[in-house]
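Participant: One structure follows; several queries about it will come next.
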Amino acid sequence: MSSSEGEPQLPNRTSEIRKDTVFGRWVVFSPARSRRPSDFKSKNPNLTSNHPTSCPFCIGRESECAPEIFRVPPSTPDWTIRVIENLYPALRRDLNPPDSGSDQAVGACRVTGFGFHDVVIETPYHPITLSDLEPQAVGEVLLVYVERVQQLKALGTLKYVQVFKNHGAAAGASMIHSHSQIMGIPVIPPSVTTRLSCMKEIFDSTGKCSICDLQSDQNLMINSSTHFYAIAPFAASYAFEIWIVPREHSSYFHELDRAKAMDLGGLLKLMLQKLAKQLNNPPFNFVIHTAPIDLSPSCVPYSHWFLQIVPHLGTVAGFELGTGCYINPIFPEDAAKVLRELDG
């Protein structure tokens, strides 16, 4: 008997092209080849290591890592979270920062490779993943992000700070031990500029923040908490993509307070558990989309931060590279329904 026998089929839909009004790209929804939720299970599930003795991220091996920035709790060998410099940084903190505005100068196409590249070790124990932690512990990891972003912002030499997590080799992780990364860069990335421009366009025409307006579509809703909700975005670029969005309008992730971090920790844990259960523990990335450090006050009404989770279930290929459009084999309404009905 097939393992999917008796499994309900997804609705029979025809192809459709939708505009992502946050990132400014078109997405092709082509569900013809996928009829059941199990069709999307990862063929490349993450495996845990049974040989952690050589892992420098494990407790007791701190001397093998790059320099520590801070730990939680501070000044104790029994740490729960550590922030360290990346041993192989993409950017160098020991270089001189570029002159202010040099990246905006007419014809500018090169600035110094100054910046910060840090690693957040989310747990001292090798077999534990972020979704294994208690909700409060996930919230503490989020607060560590907040603290480090605030530290980098205070330097006055950076324009954007990116918090992200690569989970699994296919998602870019070079270490199995659960960790995430923070990069501070002296330029505003083009994707951030595009995101703000797209959101401004919607605000100018409707008077509404396009992110605040997302919670009105219950067909896309997966779960919610006191301060956040999780949705499958209307024009999701990726199968089973999830956005976790603050209910209240907020431009900056680093303004997250303790109560909201604890609340977000619970919802983030639940979403990661659901993806792991439904999709066979797939590799994934999550990315925190926030505002640039020195956001103009005029941009605040339409700039709204959120956390994006992208499971790796397919491959970006020639069509995507050539057009900037993505092909998604499952409609977000169907993905949301599958995840909504699934226990964590």
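Each chain in the structure tokens gets a letter, A, B and so on, in the order shown; residues start at 1 in every chain, and ligands are counted from 1 in the order they appear.
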Using backbone DSSP assignments, extract all alpha helix (DSSP H) residues from range 91-205 of chain A; output them as a PyMOL selection string.
Facilitator: chain A and resi 135-155+190-205
Participant: Please provide the set of residues having any atom within 6 Å of range 240-244 of chain A, restricted to only C-alpha atoms, with same-chain residues fewer than 2 positions apart removed, written as a PyMOL selection string.
Facilitator: chain A and resi 229-232+238+306-310+335
Participant: Which polymer residues have any atom within 8 Å of an atom of Phe70 in chain A, counting only C-alpha atoms, with same-chain residues fewer than 3 positions away left out, as a PyMOL selection string?
Facilitator: chain A and resi 74+82-84
Participant: Would you compute the distance between CA of Tyr160 in chain A and CA of Ile293 in chain A? Give it in Å to one decimal.
Facilitator: 5.6 Å
Participant: Quote the spacing between CA of Pro332 in chain A and CA of Phe29 in chain A in Å to one decimal place.
Facilitator: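 So the two atoms, CA of Pro332 in chain A and CA of Phe29 in chain A, lie 9.2 Å apart.
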Participant: List the spatial neighbours of His254 in chain A as a PyMOL selection string - criterion: any atom at most 10 Å away, only C-alpha atoms, same-chain residues fewer than 4 positions off excluded.
Facilitator: chain A and resi 142-150+153+161+250+290-291+293+305
Participant: May I ask for the distance between CA of Cys299 in chain A and CA of Ala259 in chain A, given in Å to one decimal place?
Facilitator: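 Value for the CA of Cys299 in chain A-CA of Ala259 in chain A distance: 26.1 Å.
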Participant: Near range 185-199 of chain A, within 6 Å and counting only C-alpha atoms, which residues show up once chain neighbours fewer than 4 positions away are dropped, as a list in words?
Facilitator: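 The neighbour list is Val22, Phe23, Gly24, Gly115, Leu158, Lys159, Tyr160 and Tyr302 of chain A.
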Participant: Between A:Pro77, A:Gly139, A:Gly322, A:Pro292, which is the closest to Ser63 in chain A once you count only C-alpha atoms?
Facilitator: A:Pro77
Participant: Compile the contact shell of range 86-95 of chain A as a PyMOL selection string: residues with an atom at most 12 Å away, counting only C-alpha atoms, same-chain residues fewer than 5 positions apart removed.
Facilitator: chain A and resi 56-57+64-69+111-121+152+155+157-158+174-175+179-186
Participant: Using DSSP assignments from the backbone, pull out every residue in range 74-260 of chain A that falls under strand (DSSP E) and give it to me as a ChimeraX atom specification.
Facilitator: /A:81-85,116-121,160-167,179-185,221-224,228-231,242-246
Participant: Which is closest to Val72 in chain A among A:Gly207, A:Pro301, A:Pro124, A:Pro311, if we use only C-alpha atoms?
Facilitator: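 When distances to Val72 in chain A are compared using only C-alpha atoms, the smallest one comes from A:Pro124.
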